[in-house]
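Structure record follows, encoded as structure tokens.
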Amino acid sequence: MKRILLILAFVSLCFCASAQAQKWKKVEVSSLNLCGKAFDTPNPYHRIDTCVYKGFTPRENEQCRVPAGLTVMFKTNATQIGASVEFSWASAAAFCSYRGFDLYIKKDGKWLWAGSTTFSKEHNDKDRVRTLVRDMAPGDKECLLYLPIYSELNSCQVCVPEGSYIEPLEPPFKHKIAFHGSSFTHGISCTRAGMSYPMQFMRRTGLQVIPLGFSGNCKMQPYFADVLEDVEADAYVFDPFSNPNIPLIRERLLPFIDRMVKAHPGKPIIIQRTIYWEKENFNTTSQAEFGGRRALSDSLMKIACKQYKDVYYIKPDAALHNGESSTADGTHPNDHGYSLWEASIEKPILKILKKYGIKRVW
């Protein structure tokens with residue numbers, strides 16, 4: 001046993017020495033092509049400048065500063081790609097998506113997953129590089145890297161071996177579709193940062209997404225409406241019924257829609273019903289609450305769609321319908337559940353956008 005332990009220790013030392021021997025070229029993500037920003041912010045990895053927009057709670061302020069859904073596009077001939085990061089603060093959650101990076105590379109016209117990695121709070125060191133993918137064939141590669149969904153970044157870098165090139169990639173995505181909503185839109189419980197339903201929609205359609213998901217805090221607050229009035233996009237997709245209770249929905253929905261219509265005249269405003277929550281299977285309190293939200297939203301959206309010609313109502317579905325679970329916790333979809341959600345809204349949204357001359361890119 002002692003001999004085996006010595007051998008394992010030797011192998012570990014050799015691996016560490018090999019990793020330390022790698023010479024990296026490091027490029028700050030913000031100097032490449034950062035996609036999905038609604039606004040310019042002093043910290044490029046923040047989604048909203050909380051010195052400009054006021055009224056947020058402390059938790060909402062934190063969420064304004066996480067880069068959930070922001071992606072960096074670059075091209076390289078590297079055979080190995082890594083990342084380094086300096087957190088302002090990092091989530092303690094176990095999911096890789098919360099403080100990790102998720103890499104896709106285009107192959108035969110499709111974005112294919114290439115690798116992912118995560119950092120712990122102890123890895124808050126720009127000198128530490130964690131590999132996303134290695135042992136790739138030589139040649140040019142178009143890359144899409146998703147940033148963590150629930151940690152604040154001071155700095156993050158894409159790393160390639162010295163001697164490789166790395167350059168910004170001209171965005172292949174067209175138009176701008178703003179997605180604002182709850183933890184579902186934020187991507188809570190997806191294992192990797194690129195698996196939220198808005199990010200899957202972007203990869204599948206080629207339409208650029210502006211990601212504005214706020215876990216637990218999408219309640220049609222007037223100060224969120226202040227922000228959304230200033231977001232310049234070609235279309236707006238909202239998930240507004242998953243966080244507010246029935247009295248708040250009754251109070252806020254129509255005034256919220258009225259503000260959006262006046263701020264973005266002639267542009268499609270697509271409202272999503274809240275999905276069936278698996279906790280409704282047997283919990284009667286959940287059945288009454290979430291069933292009530294859907295019934296109320298159905299009735300109010302009939303009024304809104306008649307009143308405004310550019311307002312639409314769609315009904316997403318993230319369930320398997322075979323008795324098996326598609327959630328991580330009875331509430332939030334797992335990766336497959338988010339894929340089901342995206343599949344359920346892709347055609348309805350594209351049908352609406354086509355009326356406005358907005359078509360899928362691929």
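Simple scheme: letters A, B, ... for chains in structure tokens order, numbers from 1 for residues in each chain, numbers from 1 for ligands in the order shown.
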Interface rows for segment 126-199 of chain A against segment 35-38 of chain A: nearest pair, Å to one decimal, 10 Å, only C-alpha atoms, as a Markdown table:
| residue | atom | partner | partner_atom | distance |
| --- | --- | --- | --- | --- |
| A:Leu144 | CA | A:Cys35 | CA | 9.6 |
| A:Leu145 | CA | A:Cys35 | CA | 9.9 |
| A:Tyr146 | CA | A:Cys35 | CA | 9.6 |
| A:Pro171 | CA | A:Cys35 | CA | 7.9 |
| A:Phe173 | CA | A:Cys35 | CA | 9.1 |
| A:Lys176 | CA | A:Gly36 | CA | 8.3 |
| A:Ile177 | CA | A:Gly36 | CA | 9.3 |
| A:Ala178 | CA | A:Ala38 | CA | 8.3 |
Residue subset to file, keeping C-alpha atoms, as a CSV table (one decimal), in the first residue's frame:
chain,number,residue,atom,x,y,z
A,144,LEU,CA,-18.6,30.7,-28.0
A,145,LEU,CA,-17.9,30.9,-24.3
A,146,TYR,CA,-20.7,31.4,-21.7
A,171,PRO,CA,-20.9,38.0,-34.3
A,173,PHE,CA,-26.0,36.2,-34.4
A,176,LYS,CA,-31.6,41.5,-30.7
A,177,ILE,CA,-34.2,39.7,-28.7
A,178,ALA,CA,-34.5,40.7,-25.0
Taking only C-alpha atoms into account, produce a table as JSON lines in which each residue of segment 150-218 of chain A with an atom at most 7 Å from an atom of segment 235-246 of chain A appears once, together with its shortest atom pair and the distance in Å to one decimal, ordered by chain and rising number.
{"residue": "A:Lys176", "atom": "CA", "partner": "A:Ala235", "partner_atom": "CA", "distance": 6.9}
{"residue": "A:Ile177", "atom": "CA", "partner": "A:Ala235", "partner_atom": "CA", "distance": 4.9}
{"residue": "A:Ala178", "atom": "CA", "partner": "A:Tyr236", "partner_atom": "CA", "distance": 4.8}
{"residue": "A:Phe179", "atom": "CA", "partner": "A:Val237", "partner_atom": "CA", "distance": 4.8}
{"residue": "A:His180", "atom": "CA", "partner": "A:Phe238", "partner_atom": "CA", "distance": 5.0}
{"residue": "A:Gly181", "atom": "CA", "partner": "A:Asp239", "partner_atom": "CA", "distance": 4.3}
{"residue": "A:Ser182", "atom": "CA", "partner": "A:Ser242", "partner_atom": "CA", "distance": 6.2}
{"residue": "A:Gly216", "atom": "CA", "partner": "A:Asn243", "partner_atom": "CA", "distance": 5.7}
{"residue": "A:Asn217", "atom": "CA", "partner": "A:Asn243", "partner_atom": "CA", "distance": 6.5}
{"residue": "A:Cys218", "atom": "CA", "partner": "A:Asn243", "partner_atom": "CA", "distance": 5.9}
Neighbour list for Lys106 of chain A as a list in words, cut-off 9 Å, only C-alpha atoms, skip fewer than 2 positions in-chain =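 These residues fall inside the cut-off: Tyr104, Asp108, Gly109, Lys110, Trp111, Leu112, Trp113, Lys141, Glu142, Cys143 and Leu144 of chain A.
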Export of prior selection with N, CA and C atoms as a PDB file, in the first residue's frame:
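Result file result-v2.pdb:
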ATOM      1  N   TYR A 104     -18.525  26.331 -26.376  1.00  0.00           N
ATOM      2  CA  TYR A 104     -19.048  25.697 -27.593  1.00  0.00           C
ATOM      3  C   TYR A 104     -18.149  26.085 -28.770  1.00  0.00           C
ATOM      4  N   ASP A 108     -19.239  21.964 -38.668  1.00  0.00           N
ATOM      5  CA  ASP A 108     -20.202  21.654 -39.722  1.00  0.00           C
ATOM      6  C   ASP A 108     -21.458  22.513 -39.598  1.00  0.00           C
ATOM      7  N   GLY A 109     -21.244  23.784 -39.262  1.00  0.00           N
ATOM      8  CA  GLY A 109     -22.342  24.739 -39.194  1.00  0.00           C
ATOM      9  C   GLY A 109     -23.153  24.704 -37.920  1.00  0.00           C
ATOM     10  N   LYS A 110     -22.789  23.852 -36.947  1.00  0.00           N
ATOM     11  CA  LYS A 110     -23.533  23.750 -35.700  1.00  0.00           C
ATOM     12  C   LYS A 110     -22.630  24.049 -34.510  1.00  0.00           C
ATOM     13  N   TRP A 111     -23.234  24.658 -33.478  1.00  0.00           N
ATOM     14  CA  TRP A 111     -22.494  24.890 -32.238  1.00  0.00           C
ATOM     15  C   TRP A 111     -22.533  23.618 -31.404  1.00  0.00           C
ATOM     16  N   LEU A 112     -21.364  23.012 -31.184  1.00  0.00           N
ATOM     17  CA  LEU A 112     -21.269  21.788 -30.395  1.00  0.00           C
ATOM     18  C   LEU A 112     -20.561  22.081 -29.083  1.00  0.00           C
ATOM     19  N   TRP A 113     -21.049  21.455 -28.012  1.00  0.00           N
ATOM     20  CA  TRP A 113     -20.386  21.616 -26.723  1.00  0.00           C
ATOM     21  C   TRP A 113     -18.961  21.090 -26.818  1.00  0.00           C
ATOM     22  N   LYS A 141     -10.757  27.704 -35.316  1.00  0.00           N
ATOM     23  CA  LYS A 141     -11.976  27.339 -34.600  1.00  0.00           C
ATOM     24  C   LYS A 141     -12.753  28.599 -34.242  1.00  0.00           C
ATOM     25  N   GLU A 142     -14.082  28.543 -34.419  1.00  0.00           N
ATOM     26  CA  GLU A 142     -14.968  29.613 -33.973  1.00  0.00           C
ATOM     27  C   GLU A 142     -15.584  29.183 -32.648  1.00  0.00           C
ATOM     28  N   CYS A 143     -15.453  30.045 -31.642  1.00  0.00           N
ATOM     29  CA  CYS A 143     -15.779  29.643 -30.273  1.00  0.00           C
ATOM     30  C   CYS A 143     -16.800  30.578 -29.635  1.00  0.00           C
ATOM     31  N   LEU A 144     -17.590  29.991 -28.752  1.00  0.00           N
ATOM     32  CA  LEU A 144     -18.623  30.701 -28.007  1.00  0.00           C
ATOM     33  C   LEU A 144     -18.486  30.274 -26.550  1.00  0.00           C
TER      34      LEU A 144
END
Exercise: Ala318 of chain A partners within 6 Å, only C-alpha atoms, chain neighbours under 5 positions left out, as a VMD selection string | chain A and resid 337 340 to 341
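For segment 51-217 of chain A, backbone-based DSSP labels the following residues as alpha helix (DSSP H): Pro58, Arg59, Glu60, Asn61, Glu62, Gln63, Cys64, Cys96, Ser97, Tyr98, Arg99, Ser183, Phe184, Thr185, His186, Tyr197, Pro198, Met199, Gln200, Phe201, Met202, Arg203, Arg204 and Thr205 of chain A.
For Cys305 of chain A, the residues within 12 Å (counting only C-alpha atoms, excluding itself and residues fewer than 4 positions away along the chain) are Leu254, Ile257, Asp258, Val261, Pro268, Ile269, Ile270, Ile271, Ser297, Asp298, Ser299, Leu300, Met301, Lys309, Asp310, Val311, Tyr312, Tyr313 and Ile314 of chain A.
Here atom CA of Phe119 of chain A stands at a distance of 12.8 Å from atom CA of Arg192 of chain A.
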A:Ala78, A:Ala94, A:Leu169, A:Ile105 ranked by distance to Leu34 of chain A, top pick (using only C-alpha atoms) | A:Leu169
Shell of 10 Å around Cys51 of chain A, only C-alpha atoms, local chain residues under 3 positions omitted, as a ChimeraX atom specification | /A:41-42,48,54,61
Enumerate, as a list in words, the complete set of residues in segment 288-346 of chain A that a backbone-based DSSP assignment places in strand (DSSP E or B).
->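 Everything in segment 288-346 of chain A that counts as strand (DSSP E or B) is Val311, Tyr312, Tyr313, Ile314, Thr327 and Pro333 of chain A.
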Could you save the residues just selected, with N, CA and C atoms, as a compact mmCIF listing (two decimals), in the first residue's frame?
# COMPACT_ATOMS: atom_id res chain seq x y z
N VAL A 311 -48.82 42.84 -28.92
CA VAL A 311 -48.66 42.02 -27.73
C VAL A 311 -49.16 40.61 -28.01
N TYR A 312 -48.36 39.61 -27.60
CA TYR A 312 -48.67 38.20 -27.89
C TYR A 312 -48.52 37.38 -26.61
N TYR A 313 -49.21 36.25 -26.59
CA TYR A 313 -49.21 35.36 -25.42
C TYR A 313 -48.89 33.95 -25.88
N ILE A 314 -47.86 33.34 -25.28
CA ILE A 314 -47.49 31.98 -25.62
C ILE A 314 -47.40 31.13 -24.35
N THR A 327 -37.46 18.23 -13.79
CA THR A 327 -36.95 19.33 -12.98
C THR A 327 -35.84 18.85 -12.07
N PRO A 333 -36.54 23.57 -14.05
CA PRO A 333 -36.19 22.51 -15.00
C PRO A 333 -34.72 22.11 -14.88
Compare A:Glu346, A:Glu278, A:Asp40, A:Glu289 by their minimum atom-to-atom distance to Ser326 of chain A, counting only C-alpha atoms, and give me the closest one.
-> A:Glu278
Sort by chain and increasing residue number a table of all residues of segment 13-64 of chain A within 12 Å of segment 81-87 of chain A, each with its closest pair of atoms and their distance in Å to one decimal, counting only C-alpha atoms, and write it as CSV.
residue,atom,partner,partner_atom,distance
A:Ala19,CA,A:Gly82,CA,11.5
A:Gln22,CA,A:Gly82,CA,11.1
A:Lys23,CA,A:Gly82,CA,11.5
A:Trp24,CA,A:Gly82,CA,8.8
A:Lys25,CA,A:Gly82,CA,9.9
A:Lys26,CA,A:Ala83,CA,8.3
A:Val27,CA,A:Ala83,CA,9.4
A:Glu28,CA,A:Ser84,CA,9.3
A:Val29,CA,A:Ala83,CA,9.6
A:Tyr45,CA,A:Phe87,CA,10.8
Based on the selection just made, write C-alpha atoms of those residues as a compact mmCIF listing (two decimals), in the first residue's frame.
# COMPACT_ATOMS: atom_id res chain seq x y z
CA ALA A 19 0.28 21.83 -15.93
CA GLN A 22 2.25 25.13 -19.95
CA LYS A 23 2.88 28.67 -21.13
CA TRP A 24 -0.38 30.54 -21.67
CA LYS A 25 -1.39 33.54 -23.70
CA LYS A 26 -4.16 35.26 -21.73
CA VAL A 27 -6.70 37.64 -23.24
CA GLU A 28 -9.28 39.56 -21.21
CA VAL A 29 -12.76 38.59 -22.35
CA TYR A 45 -19.32 41.89 -16.86
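Each of A:Val158, A:Leu212, A:Ile188, A:Ala137 was compared to Gly69 of chain A using only C-alpha atoms, and A:Leu212 turns out to be the nearest.
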Measuring atom to atom with only C-alpha atoms, identify which of A:Leu147, A:Leu353, A:Val227, A:Ala92 is nearest to Thr50 of chain A.
-> A:Val227
